[in-house]
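A.B. asks: My questions all concern the structure below.
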Amino acid sequence: MNMSNKEFWFVVGSQFLYGPEVLEIVDRRAAEMVDTLNATGNLPCKLVYKVTAKTNKEIADVVKAANYDDNCCGIVTWCHTFSPSKMWINGFVNLQKPYCHLATQYNLEIPNEEIDMDFMNLNQAAHGDREHGFIAARLRMPRKVIAGYWKDEEVQKRLGRWMRTCLGVDFSRNLKVMRFGDNMREVAVTEGDKVEVQAKLGWQVNTWAVGDLVEVMNQVTDAEIDELMEVYKANYDIATDNVEAIRYQAREEIAMKKMMDAEGCKAFSNTFQDLYGMEQLPGLASQHLMAQGYGYGGEGDWKVSAMTAIMKVMGENGNGASGFMEDYTYHLVPGHQYSLGAHMLEVCPSLASARPRIETHHLGIGMNRKDPARLVFEGKEGDGIVVSLIDMGGRLRLICQDIHCVKPIMDMPNLPVARVMWTAEPSLTTGVECWITAGGAHHTVLSYDVTAEQMKDWANIMGIEFVHISKDTTVEGLEKELFWNDLAWKLK
């Protein structure tokens, strides 16, 4: 995703009561704040000062302009002075972009010698922001509230993370997913209401026949494959003599990319049960496409495919360390409990701790006629999250769990796949109980870059349920939360 043209609008609230001199000061300070924030390097996109709004019409007009500006990904508001909140109603009821209320003030300290009533009238954000906050609460608007001094690095970083979340929102609302064939047979969790998903999240999810892909594969030239082979050599270590298997993966990748780019799709899915006319399940092909920012879901799981693409956009530099993942097996030794995550072939190399290897091995499942090439590596160490989007029938639920990835505690020399090992909050076994209780899927997106706070904000903006499994979660508490959530969402 090209973020260079994306921006966020800064709208300051005030009124005419304080006279033109005060409004001139507010205007200068707002411009200074925006220039300073943009220069910090903590914001992923440009913050644009639009207006110090003093009337209902000014607010309604800037909201209308934001709604129809494709480059505007959200509005950040602040009330330097008191801004009567009835002025904001007409604008807020029509706002279609994400909204952040920055509750701050221009000055860091109360100036003991200088403070007088003129100072109080000018510097009353504590007053104005609370009036402003009321109307958003009254209108039950989804919003992000960030409070603190605007020059503090943590405040700036929180604003930056919220901006990245909004980039994920913008990307989601324009996302197209290409399904090569249908889902794996009899799997429940990969199903879902595509009409509801498009209405809520913006995704256009459609199917292309595997035969269409095979036809495009047959048109790929040796010169195109040679060019991609050089890219493979530059990024990965070749650890197989079966060059033809690698070239076949290159043929698959080129064809899939051509089809997706022609349709404007940024995510895709396939299944090992539907490879008619193909020799190999795409392994290296899918992995290298994910490394370029495309989302992927195995077994026809288009929901995790889309979430992978979205979370890559939300991560660092537009393609952060986020990738398709699956819990495979557990290590349940007391005091040393871990989950081993992998997939047959398709784990994104953005998760790798070192340079991945291209290997070729037998795959004894599905319609493979020849051994597929794939990238093999160990995952990075570090804190992260795993995320699952499920269809609860009538609503969507986003489940997020905090995890801690470790260097795998064993070499596993006979496991020829990419793998990540982690322990989960609040513990592996309690975490598993919570995950299963909430209905979390076996497919997830694992991310080292995107935070649980960002996923909560994304779910809030999108209007879907959010469940967070953290160090403080208990099975009993989660059961109560899910019970009340079920009641509350049925009333919405």
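A note on labels: chains of the structure tokens are A, B, ... as shown, every chain counts residues from 1, and ligands are counted from 1 in their shown order.
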Quick one: residues within 12 Å of stretch 178-185 of chain A, only C-alpha atoms counted, chain neighbours fewer than 3 positions away excluded, as a ChimeraX atom specification?

C.D. replies: /A:175,188-192,203-214,252,255-276,278,281-282,294-303,305-306,366

A.B. asks: Could you pull the residues within 8 Å of A:Ala452, counting only C-alpha atoms, minus those fewer than 3 positions along the same chain, as a ChimeraX atom specification?

C.D. replies: /A:385,400-402,455-456,468

A.B. asks: Could you save those same residues with C-alpha atoms as a PDB file, in the first residue's frame?

C.D. replies:
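Saved result, selection_21.pdb, follows:
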ATOM      1  CA  ILE A 385      -0.225 -11.400  18.942  1.00  0.00           C
ATOM      2  CA  CYS A 400      -6.754 -11.485  19.773  1.00  0.00           C
ATOM      3  CA  GLN A 401      -4.280 -13.231  22.099  1.00  0.00           C
ATOM      4  CA  ASP A 402      -0.959 -11.959  23.445  1.00  0.00           C
ATOM      5  CA  MET A 455      -6.754  -4.537  16.652  1.00  0.00           C
ATOM      6  CA  LYS A 456      -9.245  -3.329  19.258  1.00  0.00           C
ATOM      7  CA  HIS A 468      -8.726  -9.921  23.983  1.00  0.00           C
TER       8      HIS A 468
END

A.B. asks: In stretch 116-283 of chain A, what's alpha helix (DSSP H) per DSSP? Answer as number ranges by chain?

C.D. replies: A: 117-122, 125-138, 153-172, 194-201, 210-219, 222-235, 243-263

A.B. asks: Nearest residue to A:Asp237 out of A:Val76, A:Val376, A:Val177, A:Ile254, using only C-alpha atoms?

C.D. replies: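 The closest residue to A:Asp237 is A:Val376.
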
A.B. asks: What does the structure give for the distance between atom CA of A:Val48 and atom CA of A:Trp9, in Å to one decimal?

C.D. replies: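 Going from atom CA of A:Val48 over to atom CA of A:Trp9, I get 4.8 Å.
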
A.B. asks: Choose the residue, out of A:Ser83, A:Ile238, A:Phe119, A:His101, that has the smallest atom-to-atom separation from A:Val22; count only C-alpha atoms.

C.D. replies: A:Phe119

A.B. asks: If we count only C-alpha atoms, what is near A:Met421 at a cut-off of 9 Å, once residues fewer than 5 positions away on the same chain are taken out, given as a ChimeraX atom specification?

C.D. replies: /A:338-342,378-381,404-409
